[in-house]
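**Q** What follows is coords-v3.txt, made up of compact mmCIF, C-alpha atoms and all ligand atoms:
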# COMPACT_ATOMS: atom_id res chain seq x y z
CA MET A 1 79.66 132.64 104.05
CA ASP A 2 79.75 134.03 100.49
CA PRO A 3 79.07 137.80 100.91
CA ARG A 4 76.43 137.64 98.14
CA GLN A 5 74.60 134.75 99.80
CA ARG A 6 74.48 136.13 103.34
CA PRO A 7 71.38 138.05 104.46
CA TYR A 8 71.27 141.87 104.53
CA ARG A 9 67.71 142.19 105.82
CA SER A 10 68.44 144.76 108.52
CA VAL A 11 71.26 147.32 108.23
CA LEU A 12 71.31 149.57 111.31
CA TYR A 13 72.89 153.04 111.41
CA ILE A 14 74.66 153.84 114.65
CA PRO A 15 76.10 157.30 115.33
CA GLY A 16 79.86 156.71 115.72
CA SER A 17 79.84 159.13 118.65
CA LYS A 18 77.30 157.30 120.81
CA GLU A 19 79.04 154.77 123.05
CA ARG A 20 75.79 153.46 124.52
CA ALA A 21 74.35 152.73 121.06
CA LEU A 22 77.65 151.19 119.93
CA GLU A 23 77.38 148.82 122.90
CA LYS A 24 73.67 148.14 122.40
CA ALA A 25 74.21 147.05 118.78
CA LYS A 26 76.17 143.99 119.96
CA THR A 27 72.91 142.60 121.37
CA LEU A 28 70.67 143.35 118.37
CA PRO A 29 69.81 140.70 115.72
CA VAL A 30 70.82 142.88 112.76
CA ASP A 31 72.58 141.52 109.70
CA ALA A 32 74.85 144.54 109.22
CA ILE A 33 75.74 147.80 110.93
CA ILE A 34 76.58 151.18 109.43
CA PHE A 35 78.87 152.92 111.90
CA ASP A 36 78.20 156.53 110.97
CA LEU A 37 80.66 159.40 110.96
CA GLU A 38 78.49 161.52 108.62
CA ASP A 39 74.99 162.89 109.22
CA ALA A 40 74.31 161.23 112.58
CA VAL A 41 77.35 162.97 114.12
CA SER A 42 77.32 166.68 114.95
CA VAL A 43 80.09 168.96 113.68
CA ASP A 44 81.48 169.34 117.22
CA GLU A 45 81.74 165.57 117.64
CA LYS A 46 83.34 164.66 114.29
CA GLU A 47 86.92 164.18 115.51
CA ASN A 48 85.91 162.40 118.73
CA ALA A 49 83.53 160.10 116.89
CA ARG A 50 86.40 158.79 114.77
CA GLU A 51 88.36 157.83 117.87
CA THR A 52 85.31 156.45 119.72
CA LEU A 53 84.44 154.29 116.74
CA LYS A 54 87.98 153.05 116.25
CA ALA A 55 88.11 151.94 119.90
CA ALA A 56 84.69 150.27 119.71
CA LEU A 57 85.64 148.26 116.62
CA ALA A 58 88.99 147.30 118.14
CA ALA A 59 87.20 146.03 121.25
CA GLY A 60 85.05 143.80 119.00
CA GLY A 61 81.89 141.96 120.01
CA TYR A 62 79.89 142.52 116.80
CA GLY A 63 79.93 138.83 115.86
CA ASP A 64 78.83 137.96 112.31
CA ARG A 65 77.31 141.37 111.64
CA ILE A 66 78.90 143.05 108.60
CA LYS A 67 80.72 146.19 109.77
CA ILE A 68 80.31 149.15 107.42
CA VAL A 69 81.85 152.55 108.22
CA ARG A 70 80.20 155.60 106.64
CA ILE A 71 82.71 158.41 106.29
CA ASN A 72 82.14 162.07 105.51
CA GLY A 73 82.35 163.13 101.87
CA PHE A 74 85.56 164.49 100.35
CA ASP A 75 83.90 167.87 99.92
CA THR A 76 84.06 168.24 103.72
CA GLN A 77 87.04 168.88 105.97
CA TRP A 78 86.73 165.40 107.56
CA GLY A 79 86.45 163.13 104.53
CA LYS A 80 90.09 162.36 103.84
CA ASP A 81 90.99 161.87 107.52
CA ASP A 82 87.98 159.59 107.95
CA ALA A 83 89.07 157.50 104.97
CA ALA A 84 92.61 157.20 106.34
CA ALA A 85 91.23 156.26 109.77
CA VAL A 86 89.04 153.50 108.31
CA CYS A 87 92.20 151.75 107.10
CA ASP A 88 93.13 151.26 110.78
CA MET A 89 89.67 150.13 111.83
CA ASP A 90 88.30 146.61 111.87
CA ALA A 91 85.80 147.41 109.09
CA ASP A 92 84.49 145.11 106.34
CA VAL A 93 83.32 147.91 104.06
CA VAL A 94 83.72 151.68 103.66
CA LEU A 95 80.55 153.58 102.71
CA LEU A 96 80.90 156.85 100.78
CA PRO A 97 78.02 159.36 100.96
CA LYS A 98 76.59 161.34 98.05
CA VAL A 99 78.49 159.45 95.36
CA GLY A 100 78.14 161.28 92.05
CA SER A 101 80.54 159.48 89.74
CA THR A 102 83.31 156.88 89.59
CA GLY A 103 85.83 159.69 90.18
CA ASP A 104 84.58 159.86 93.81
CA LEU A 105 85.25 156.13 94.17
CA ASP A 106 88.75 156.38 92.66
CA ALA A 107 89.59 159.16 95.12
CA LEU A 108 88.44 156.97 98.01
CA ALA A 109 90.24 153.86 96.76
CA ALA A 110 93.46 155.89 96.51
CA ILE A 111 93.32 156.02 100.32
CA THR A 112 91.49 152.83 101.33
CA GLY A 113 93.15 150.47 98.81
CA ASP A 114 91.35 147.15 98.28
CA LEU A 115 88.70 147.66 100.98
CA PRO A 116 85.27 146.98 99.41
CA ILE A 117 83.23 150.14 98.83
CA TRP A 118 79.51 150.72 99.21
CA ALA A 119 77.91 153.87 97.80
CA MET A 120 75.18 156.07 99.24
CA MET A 121 72.90 156.62 96.24
CA GLU A 122 71.23 159.90 97.11
CA THR A 123 71.93 162.60 94.51
CA PRO A 124 70.46 163.24 91.05
CA ARG A 125 73.96 162.90 89.52
CA GLY A 126 74.43 159.59 91.32
CA MET A 127 71.14 158.35 89.84
CA LEU A 128 72.20 159.29 86.31
CA ASN A 129 75.60 157.62 86.78
CA ALA A 130 74.29 154.55 88.65
CA PRO A 131 75.40 152.02 85.96
CA SER A 132 79.05 153.17 85.94
CA ILE A 133 79.15 153.53 89.74
CA ALA A 134 77.82 149.98 90.08
CA ALA A 135 80.45 148.67 87.65
CA HIS A 136 83.43 150.11 89.57
CA PRO A 137 85.82 147.25 90.43
CA LEU A 138 85.65 147.87 94.21
CA MET A 139 81.90 148.49 94.33
CA ALA A 140 80.05 145.91 96.44
CA GLY A 141 76.81 147.53 97.55
CA PHE A 142 74.31 150.38 97.14
CA VAL A 143 72.48 152.09 100.01
CA MET A 144 69.53 154.28 99.05
CA GLY A 145 69.72 157.67 100.76
CA THR A 146 66.08 158.52 100.42
CA ASN A 147 66.19 161.56 102.74
CA ASP A 148 68.89 163.33 100.76
CA LEU A 149 67.31 162.23 97.52
CA ALA A 150 63.91 163.66 98.50
CA LYS A 151 65.65 166.91 99.47
CA GLU A 152 67.56 167.14 96.18
CA LEU A 153 64.55 166.25 94.05
CA GLN A 154 62.30 168.57 96.08
CA THR A 155 59.71 165.83 96.37
CA ARG A 156 57.02 165.60 99.01
CA PHE A 157 56.67 162.63 101.33
CA ARG A 158 54.13 160.09 100.10
CA ALA A 159 53.47 156.72 101.69
CA ASP A 160 53.63 155.07 98.26
CA ARG A 161 56.98 156.78 97.46
CA LEU A 162 55.80 157.47 93.92
CA PRO A 163 58.16 160.47 93.51
CA LEU A 164 61.14 158.23 94.29
CA GLN A 165 60.20 155.26 92.14
CA ALA A 166 62.31 156.24 89.11
CA SER A 167 65.43 156.61 91.29
CA LEU A 168 64.82 153.42 93.24
CA GLY A 169 64.26 151.55 89.99
CA LEU A 170 67.38 152.96 88.32
CA CYS A 171 69.57 151.94 91.24
CA LEU A 172 67.99 148.48 91.42
CA LEU A 173 68.67 147.92 87.72
CA ALA A 174 72.29 149.06 88.04
CA ALA A 175 72.92 147.01 91.20
CA LYS A 176 71.32 143.83 89.86
CA ALA A 177 73.19 144.11 86.56
CA GLU A 178 76.48 144.02 88.50
CA GLY A 179 75.43 141.52 91.19
CA LEU A 180 75.66 144.06 94.03
CA ILE A 181 73.88 144.11 97.36
CA ILE A 182 71.26 146.88 97.45
CA VAL A 183 69.45 148.05 100.57
CA ASP A 184 66.54 150.47 100.79
CA GLY A 185 66.48 153.84 102.56
CA VAL A 186 65.41 154.53 106.14
CA TYR A 187 61.86 154.96 107.45
CA ASN A 188 62.07 158.08 109.59
CA ALA A 189 59.01 157.51 111.82
CA PHE A 190 60.70 154.93 114.00
CA LYS A 191 57.70 154.38 116.27
CA ASP A 192 55.32 153.63 113.38
CA ASP A 193 55.52 149.84 112.91
CA GLU A 194 52.63 149.69 110.48
CA GLY A 195 54.14 152.29 108.14
CA LEU A 196 57.54 150.61 108.40
CA ARG A 197 56.08 147.22 107.50
CA ALA A 198 54.32 148.65 104.44
CA GLU A 199 57.52 150.32 103.23
CA CYS A 200 59.58 147.15 103.90
CA GLU A 201 57.10 145.09 101.88
CA GLN A 202 57.25 147.58 99.02
CA GLY A 203 61.07 147.49 99.05
CA ARG A 204 61.16 143.69 99.30
CA ASP A 205 58.72 143.29 96.42
CA MET A 206 60.85 145.64 94.29
CA GLY A 207 63.93 143.46 94.87
CA PHE A 208 65.88 145.16 97.66
CA ASP A 209 67.96 142.82 99.84
CA GLY A 210 66.97 144.68 102.99
CA LYS A 211 66.45 148.07 104.57
CA THR A 212 68.53 150.58 106.46
CA LEU A 213 67.28 151.38 109.97
CA ILE A 214 67.75 154.15 112.50
CA HIS A 215 66.45 152.60 115.72
CA PRO A 216 66.46 149.15 117.41
CA ALA A 217 62.64 149.19 117.46
CA GLN A 218 62.70 148.72 113.66
CA VAL A 219 64.73 145.51 113.61
CA ALA A 220 62.08 142.83 114.19
CA VAL A 221 59.61 144.13 111.57
CA THR A 222 62.38 144.46 108.98
CA ASN A 223 63.96 141.05 109.60
CA ASP A 224 60.56 139.47 109.26
CA ALA A 225 59.59 141.33 106.07
CA PHE A 226 62.83 140.51 104.23
CA ALA A 227 62.93 136.82 105.22
CA PRO A 228 61.08 134.19 103.16
CA SER A 229 57.77 133.39 104.87
CA ASP A 230 56.76 129.84 105.86
CA ALA A 231 54.28 129.83 102.96
CA GLU A 232 57.02 130.85 100.49
CA ILE A 233 59.34 128.13 101.78
CA ASP A 234 56.59 125.52 101.55
CA LEU A 235 55.71 126.57 97.99
CA ALA A 236 59.38 126.57 96.95
CA ARG A 237 59.82 122.99 98.22
CA ARG A 238 56.68 121.80 96.43
CA GLN A 239 57.72 123.53 93.19
CA ILE A 240 61.12 121.80 93.25
CA VAL A 241 59.62 118.37 93.93
CA ALA A 242 56.92 118.81 91.28
CA PHE A 243 59.41 120.00 88.67
CA GLU A 244 61.82 117.13 89.36
CA GLU A 245 58.98 114.63 88.98
CA THR A 246 57.88 116.28 85.74
CA GLU A 247 61.43 116.31 84.41
CA ALA A 248 61.86 112.63 85.28
CA ALA A 249 58.75 111.97 83.20
CA GLY A 250 60.36 113.78 80.26
CA GLN A 251 58.28 116.99 80.56
CA GLY A 252 59.53 120.57 80.94
CA VAL A 253 56.61 122.22 82.70
CA ALA A 254 54.99 121.30 86.04
CA VAL A 255 51.86 122.81 87.57
CA VAL A 256 51.64 123.73 91.27
CA ASP A 257 48.60 125.46 92.81
CA GLY A 258 47.27 126.05 89.30
CA LYS A 259 50.40 127.87 88.10
CA ILE A 260 53.13 126.72 85.75
CA VAL A 261 56.59 125.89 87.11
CA GLU A 262 59.51 125.99 84.67
CA ASN A 263 63.25 125.78 85.30
CA LEU A 264 63.47 129.55 85.96
CA HIS A 265 60.84 129.26 88.72
CA VAL A 266 62.83 126.41 90.20
CA ALA A 267 65.93 128.61 90.25
CA THR A 268 63.96 131.22 92.23
CA ALA A 269 62.64 128.49 94.54
CA ARG A 270 66.19 127.31 95.23
CA GLU A 271 67.26 130.91 96.00
CA ILE A 272 64.40 131.22 98.50
CA LEU A 273 65.48 128.04 100.26
CA ALA A 274 69.14 129.12 100.25
CA LYS A 275 68.17 132.47 101.78
CA ALA A 276 66.10 130.78 104.48
CA GLU A 277 69.02 128.46 105.29
CA ALA A 278 71.47 131.40 105.42
CA ILE A 279 69.17 133.20 107.88
CA SER A 280 68.91 130.07 110.05
CA ALA A 281 72.70 129.66 109.98
CA LEU A 282 73.19 133.28 111.02
CA GLN A 283 70.68 132.93 113.85
CA ALA A 284 72.30 129.69 115.05
CA GLY A 285 75.83 131.08 114.80
C1 LIG A 301 66.53 158.56 116.73
C2 LIG A 301 67.45 158.50 117.93
C3 LIG A 301 68.09 159.87 118.15
C4 LIG A 301 66.65 158.12 119.17
O1 LIG A 301 67.58 157.94 120.22
P1 LIG A 301 67.15 157.68 121.72
O2 LIG A 301 66.26 158.80 122.19
O3 LIG A 301 68.38 157.39 122.53
O4 LIG A 301 66.25 156.40 121.60
P2 LIG A 301 65.78 155.45 122.72
O5 LIG A 301 65.82 156.08 124.06
O6 LIG A 301 64.46 154.90 122.29
O7 LIG A 301 66.85 154.27 122.68
C5 LIG A 301 66.63 153.04 123.33
C6 LIG A 301 67.92 152.28 123.40
O8 LIG A 301 68.37 151.98 122.08
C7 LIG A 301 69.65 152.57 121.84
N1 LIG A 301 69.68 153.08 120.48
C8 LIG A 301 68.96 154.08 119.95
N2 LIG A 301 69.24 154.21 118.64
C9 LIG A 301 70.15 153.28 118.36
C10 LIG A 301 70.82 152.92 117.17
N3 LIG A 301 70.62 153.59 116.01
N4 LIG A 301 71.67 151.89 117.24
C11 LIG A 301 71.91 151.21 118.37
N5 LIG A 301 71.28 151.50 119.55
C12 LIG A 301 70.44 152.54 119.52
C13 LIG A 301 69.79 153.68 122.89
O9 LIG A 301 71.14 153.93 123.13
C14 LIG A 301 69.07 153.05 124.04
O10 LIG A 301 69.95 152.08 124.61
P3 LIG A 301 69.89 151.68 126.14
O11 LIG A 301 69.71 152.94 126.90
O12 LIG A 301 71.16 150.98 126.41
O13 LIG A 301 68.69 150.76 126.25
C15 LIG A 301 68.53 157.40 117.73
O14 LIG A 301 67.87 156.21 117.54
C16 LIG A 301 69.52 157.67 116.65
O15 LIG A 301 70.43 158.49 116.80
N6 LIG A 301 69.41 156.93 115.54
C17 LIG A 301 70.34 156.97 114.47
C18 LIG A 301 70.12 158.17 113.59
C19 LIG A 301 71.05 158.09 112.44
O16 LIG A 301 71.90 157.24 112.40
N7 LIG A 301 70.89 158.97 111.45
C20 LIG A 301 71.73 158.98 110.30
C21 LIG A 301 71.37 157.89 109.40
S1 LIG A 301 69.93 158.17 108.44
C22 LIG A 301 70.62 158.81 107.00
O17 LIG A 301 71.52 159.57 107.09
C23 LIG A 301 70.09 158.22 105.76
C24 LIG A 301 70.62 158.73 104.42
O18 LIG A 301 71.87 159.32 104.39
C25 LIG A 301 69.59 159.55 103.72
O19 LIG A 301 69.94 160.58 103.13
O20 LIG A 301 68.45 159.12 103.70
MG MG A 302 72.08 161.03 103.23
If you took the structure in this file and wrote it as structure tokens, what would it be?
Ligand SMILES: CC(C)(COP(=O)(O)OP(=O)(O)OC[C@H]1O[C@@H](n2cnc3c(N)ncnc32)[C@H](O)[C@@H]1OP(=O)(O)O)[C@@H](O)C(=O)NCCC(=O)NCCSC(=O)C[C@H](O)C(=O)O
Ligand SMILES: [Mg+2]

**A**
Amino acid sequence: MDPRQRPYRSVLYIPGSKERALEKAKTLPVDAIIFDLEDAVSVDEKENARETLKAALAAGGYGDRIKIVRINGFDTQWGKDDAAAVCDMDADVVLLPKVGSTGDLDALAAITGDLPIWAMMETPRGMLNAPSIAAHPLMAGFVMGTNDLAKELQTRFRADRLPLQASLGLCLLAAKAEGLIIVDGVYNAFKDDEGLRAECEQGRDMGFDGKTLIHPAQVAVTNDAFAPSDAEIDLARRQIVAFEETEAAGQGVAVVDGKIVENLHVATAREILAKAEAISALQAG
């Protein structure tokens, strides 16, 4: 499947040190996994986590899920060894935390070669440099690091995430301009389904492809929120039919449910149907 077309509704972090969670992930209906060597792994476990993760990926069993390895930053003692280790792992993507500029990406690529890179977007400098980071030749995806971002910006938690809107918007603009995947930050209260759903819906409406997760209990709500609903699929089909009929009659504008449908709306309708089909294919596969 074309990496741009496949779903990224649910992207689950798993601490690279936790064998039980590494095993559990093989049974979870997530679209992608971030195998974490950074913040989810304690200082004492850093070296072991690298080996545990390498063995888990070599053993396989993750199916169609995209395998993303988050390394430690190059300003830590583990970063360079992590990057070298990823080259020997069965990973689809390497994820660099706290990316501030394209120089960070060049330093990583000097070790990981052609492996696609995703960037954690979670620092003020990263926000200001989002367009050039997005345009890096190996850049394939943005992950919002909303915890680090809130810390750096000294914002307070608000359910509407108003203090983060400028940053989220900047990264969305940069990612969309370059055709990247972009997934939203985590929702820390992993037992609060209602709050998670509200934040997923906000992220989906803003244009995120999906959301990063910290616990299996968050998967179902997220997959549902980022998939086209039955009503959206039905409307998309009716818009396409109506527009084709209008076009055949020599007109450029159809009307469905009292709203105009032009060729740009039809393009969106086709994207909705393609996304629904890609989700079905993933679930069947
Ligand atoms: C939050 C947790 C510490 C809770 O762990 P635990 O107490 O073990 O939860 P449960 O007992 O409810 O677990 C039930 C079963 O599910 C498995 N499990 C738990 N979490 C995961 C997971 N993330 N992936 C896969 N499987 C998981 C348990 O092993 C149990 O399995 P079983 O016993 O076989 O039934 C824990 O969930 C956790 O550590 N989560 C990940 C935290 C994390 O990754 N943090 C770093 C990423 S967030 C971040 O850094 C964002 C960004 O950088 C930013 O700045 O915002
Ligand atoms: Mg972070």

**Q** Around (83.1, 143.5, 99.1), as given in the file, which residues come within 12 Å? Count only C-alpha atoms and list them as a PyMOL selection string.

**A** chain A and resi 2-4+66-68+91-95+114-119+136-142+179-181

**Q** What does the list of residues within 9 Å of ligand MG 302 (chain A) look like if you count only C-alpha atoms and all ligand atoms, written as a PyMOL selection string?

**A** chain A and resi 38-39+97-98+120-123+144-149

**Q** For atom C20 of ligand LIG 301 (chain A) and atom CA of A:Ile279, quote the distance in Å rounded to one decimal.

**A** 26.0 Å

**Q** What residues have any atom no more than 6 Å from ligand LIG 301 (chain A) when counting all atoms listed in the file, and can you list them as a PyMOL selection string?

**A** chain A and resi 13-15+20-22+24-25+39-40+145-148+185-186+214-216

**Q** May I ask which of the residues A:Val266, A:Gln77, A:Arg125, A:Gly100 is the closest one to A:Ala254, counting all atoms listed in the file?

**A**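 So, comparing all the options, the nearest one is A:Val266.
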
**Q** Provide the atom CA of A:Gly203 to atom CA of A:Ala174 distance in Å, to one decimal place.

**A**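 According to the coordinates, atom CA of A:Gly203 and atom CA of A:Ala174 are separated by 15.8 Å.
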
**Q** Using only C-alpha atoms, which protein or nucleic acid residues come within 12 Å of A:Leu264? Drop anything in the same chain fewer than 2 positions from it, and give the result as a list in words.

**A**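 Listed by chain and then number, they are Gln239, Ile240, Phe243, Gly252, Val253, Ala254, Ile260, Val261, Glu262, Val266, Ala267, Thr268, Ala269, Arg270 and Glu271 of chain A.
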
**Q** I'd like the neighbourhood of A:Asn48 as a count of residues only, where a residue qualifies if any of its atoms comes within 12 Å (using all atoms listed in the file), though same-chain residues fewer than 3 positions away should be ignored.

**A** 18

**Q** What separation in Å, quoted to one decimal, exists between atom CA of A:Gly63 and atom CA of A:Ala225?

**A**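 One can read the atom CA of A:Gly63 to atom CA of A:Ala225 distance as 22.7 Å.
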
**Q** Could you check the closest approach to A:Asp90 for each of A:Phe35, A:Tyr8, A:Phe74, A:Phe226 and tell me which residue wins, using all atoms listed in the file?

**A**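 Counting all atoms listed in the file, the residue closest to A:Asp90 is A:Phe35.
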
**Q** Would you mind telling me which residue in A:Leu173, A:Thr222, A:Ser167, A:Thr212 lies nearest to A:Ala134 when using only C-alpha atoms?

**A**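 Of the candidates, the smallest distance to A:Ala134 is held by A:Leu173.
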
**Q** Of the candidates A:Pro29, A:Pro131, A:Pro124, A:Gly207, which one gets nearest to A:Ala166 if we count only C-alpha atoms?

**A**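 For A:Ala166, the nearest of the candidates is A:Pro124.
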
**Q** Choose the residue, out of A:Ala135, A:Leu96, A:Ala150, A:Leu57, that has the smallest atom-to-atom separation from A:Ala177; count only C-alpha atoms.

**A**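 For A:Ala177, the nearest of the candidates is A:Ala135.
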
**Q** Excluding A:Ala85 and any residue of its chain fewer than 2 positions from it, enumerate the residues within 10 Å of it, using all atoms listed in the file, and give them as a list in words.

**A**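 So, after excluding close chain neighbours, the residues are Arg50, Glu51, Leu53, Lys54, Ile71, Gly79, Lys80, Asp81, Asp82, Ala83, Cys87, Asp88, Met89, Ile111 and Thr112 of chain A.
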
**Q** Just the residues within 9 Å of A:Gly61, please, counting only C-alpha atoms, with nothing from its chain fewer than 4 positions along; format it as a list in words.

**A**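 These residues fall inside the cut-off: Glu23, Lys26, Ala56 and Leu57 of chain A.
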
**Q** Here is a test: counting only C-alpha atoms, which residue of A:Gln283, A:Gln218, A:Gln202, A:Asn72 is nearest to A:Phe190?

**A** A:Gln218

**Q** Show which residues sit within 9 Å of A:Asp31, as a list in words. Count all atoms listed in the file, and ignore same-chain residues fewer than 3 positions away.

**A**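 Answer for this query is Arg6, Pro7, Tyr8, Arg9, Ser10, Val11, Leu12, Asp64, Arg65, Ile66, Asn223 and Leu282 of chain A.
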
**Q** Rebuild N, CA, C and O atoms on stretch 129-148 of chain A, as a PDB file, in the frame of the given file?

**A**
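The file below, out.pdb, is the result:
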ATOM      1  N   ASN A 129      74.366 158.386  86.992  1.00  0.00           N
ATOM      2  CA  ASN A 129      75.600 157.620  86.780  1.00  0.00           C
ATOM      3  C   ASN A 129      75.559 156.242  87.454  1.00  0.00           C
ATOM      4  O   ASN A 129      76.604 155.582  87.580  1.00  0.00           O
ATOM      5  N   ALA A 130      74.381 155.814  87.894  1.00  0.00           N
ATOM      6  CA  ALA A 130      74.290 154.550  88.650  1.00  0.00           C
ATOM      7  C   ALA A 130      74.952 153.364  87.924  1.00  0.00           C
ATOM      8  O   ALA A 130      75.673 152.587  88.565  1.00  0.00           O
ATOM      9  N   PRO A 131      74.776 153.194  86.602  1.00  0.00           N
ATOM     10  CA  PRO A 131      75.400 152.020  85.960  1.00  0.00           C
ATOM     11  C   PRO A 131      76.929 152.018  86.073  1.00  0.00           C
ATOM     12  O   PRO A 131      77.532 150.978  86.363  1.00  0.00           O
ATOM     13  N   SER A 132      77.575 153.164  85.861  1.00  0.00           N
ATOM     14  CA  SER A 132      79.050 153.170  85.940  1.00  0.00           C
ATOM     15  C   SER A 132      79.519 153.068  87.384  1.00  0.00           C
ATOM     16  O   SER A 132      80.542 152.432  87.677  1.00  0.00           O
ATOM     17  N   ILE A 133      78.787 153.658  88.315  1.00  0.00           N
ATOM     18  CA  ILE A 133      79.150 153.530  89.740  1.00  0.00           C
ATOM     19  C   ILE A 133      79.071 152.059  90.150  1.00  0.00           C
ATOM     20  O   ILE A 133      79.964 151.528  90.808  1.00  0.00           O
ATOM     21  N   ALA A 134      77.999 151.396  89.724  1.00  0.00           N
ATOM     22  CA  ALA A 134      77.820 149.980  90.080  1.00  0.00           C
ATOM     23  C   ALA A 134      78.930 149.106  89.495  1.00  0.00           C
ATOM     24  O   ALA A 134      79.310 148.091  90.084  1.00  0.00           O
ATOM     25  N   ALA A 135      79.449 149.509  88.346  1.00  0.00           N
ATOM     26  CA  ALA A 135      80.450 148.670  87.650  1.00  0.00           C
ATOM     27  C   ALA A 135      81.882 148.928  88.133  1.00  0.00           C
ATOM     28  O   ALA A 135      82.814 148.260  87.675  1.00  0.00           O
ATOM     29  N   HIS A 136      82.066 149.848  89.078  1.00  0.00           N
ATOM     30  CA  HIS A 136      83.430 150.110  89.570  1.00  0.00           C
ATOM     31  C   HIS A 136      83.990 148.826  90.198  1.00  0.00           C
ATOM     32  O   HIS A 136      83.277 148.108  90.912  1.00  0.00           O
ATOM     33  N   PRO A 137      85.284 148.533  89.963  1.00  0.00           N
ATOM     34  CA  PRO A 137      85.820 147.250  90.430  1.00  0.00           C
ATOM     35  C   PRO A 137      85.737 147.024  91.948  1.00  0.00           C
ATOM     36  O   PRO A 137      85.685 145.870  92.390  1.00  0.00           O
ATOM     37  N   LEU A 138      85.710 148.072  92.750  1.00  0.00           N
ATOM     38  CA  LEU A 138      85.650 147.870  94.210  1.00  0.00           C
ATOM     39  C   LEU A 138      84.233 147.992  94.759  1.00  0.00           C
ATOM     40  O   LEU A 138      84.010 147.846  95.957  1.00  0.00           O
ATOM     41  N   MET A 139      83.279 148.282  93.867  1.00  0.00           N
ATOM     42  CA  MET A 139      81.900 148.490  94.330  1.00  0.00           C
ATOM     43  C   MET A 139      81.251 147.170  94.745  1.00  0.00           C
ATOM     44  O   MET A 139      81.297 146.198  94.002  1.00  0.00           O
ATOM     45  N   ALA A 140      80.678 147.140  95.955  1.00  0.00           N
ATOM     46  CA  ALA A 140      80.050 145.910  96.440  1.00  0.00           C
ATOM     47  C   ALA A 140      78.605 146.110  96.876  1.00  0.00           C
ATOM     48  O   ALA A 140      77.874 145.126  97.029  1.00  0.00           O
ATOM     49  N   GLY A 141      78.184 147.358  97.103  1.00  0.00           N
ATOM     50  CA  GLY A 141      76.810 147.530  97.550  1.00  0.00           C
ATOM     51  C   GLY A 141      76.305 148.959  97.412  1.00  0.00           C
ATOM     52  O   GLY A 141      77.078 149.912  97.471  1.00  0.00           O
ATOM     53  N   PHE A 142      74.986 149.072  97.199  1.00  0.00           N
ATOM     54  CA  PHE A 142      74.310 150.380  97.140  1.00  0.00           C
ATOM     55  C   PHE A 142      73.416 150.529  98.367  1.00  0.00           C
ATOM     56  O   PHE A 142      72.714 149.591  98.755  1.00  0.00           O
ATOM     57  N   VAL A 143      73.423 151.738  98.944  1.00  0.00           N
ATOM     58  CA  VAL A 143      72.480 152.090 100.010  1.00  0.00           C
ATOM     59  C   VAL A 143      71.674 153.278  99.516  1.00  0.00           C
ATOM     60  O   VAL A 143      72.254 154.319  99.160  1.00  0.00           O
ATOM     61  N   MET A 144      70.355 153.149  99.484  1.00  0.00           N
ATOM     62  CA  MET A 144      69.530 154.280  99.050  1.00  0.00           C
ATOM     63  C   MET A 144      69.487 155.332 100.155  1.00  0.00           C
ATOM     64  O   MET A 144      69.157 155.012 101.303  1.00  0.00           O
ATOM     65  N   GLY A 145      69.812 156.563  99.801  1.00  0.00           N
ATOM     66  CA  GLY A 145      69.720 157.670 100.760  1.00  0.00           C
ATOM     67  C   GLY A 145      68.471 158.462 100.436  1.00  0.00           C
ATOM     68  O   GLY A 145      68.524 159.529  99.806  1.00  0.00           O
ATOM     69  N   THR A 146      67.347 157.951 100.875  1.00  0.00           N
ATOM     70  CA  THR A 146      66.080 158.520 100.420  1.00  0.00           C
ATOM     71  C   THR A 146      65.782 159.899 101.026  1.00  0.00           C
ATOM     72  O   THR A 146      65.021 160.672 100.445  1.00  0.00           O
ATOM     73  N   ASN A 147      66.392 160.205 102.173  1.00  0.00           N
ATOM     74  CA  ASN A 147      66.190 161.560 102.740  1.00  0.00           C
ATOM     75  C   ASN A 147      66.894 162.602 101.893  1.00  0.00           C
ATOM     76  O   ASN A 147      66.304 163.616 101.516  1.00  0.00           O
ATOM     77  N   ASP A 148      68.165 162.373 101.587  1.00  0.00           N
ATOM     78  CA  ASP A 148      68.890 163.330 100.760  1.00  0.00           C
ATOM     79  C   ASP A 148      68.284 163.411  99.360  1.00  0.00           C
ATOM     80  O   ASP A 148      68.195 164.489  98.768  1.00  0.00           O
TER      81      ASP A 148
END
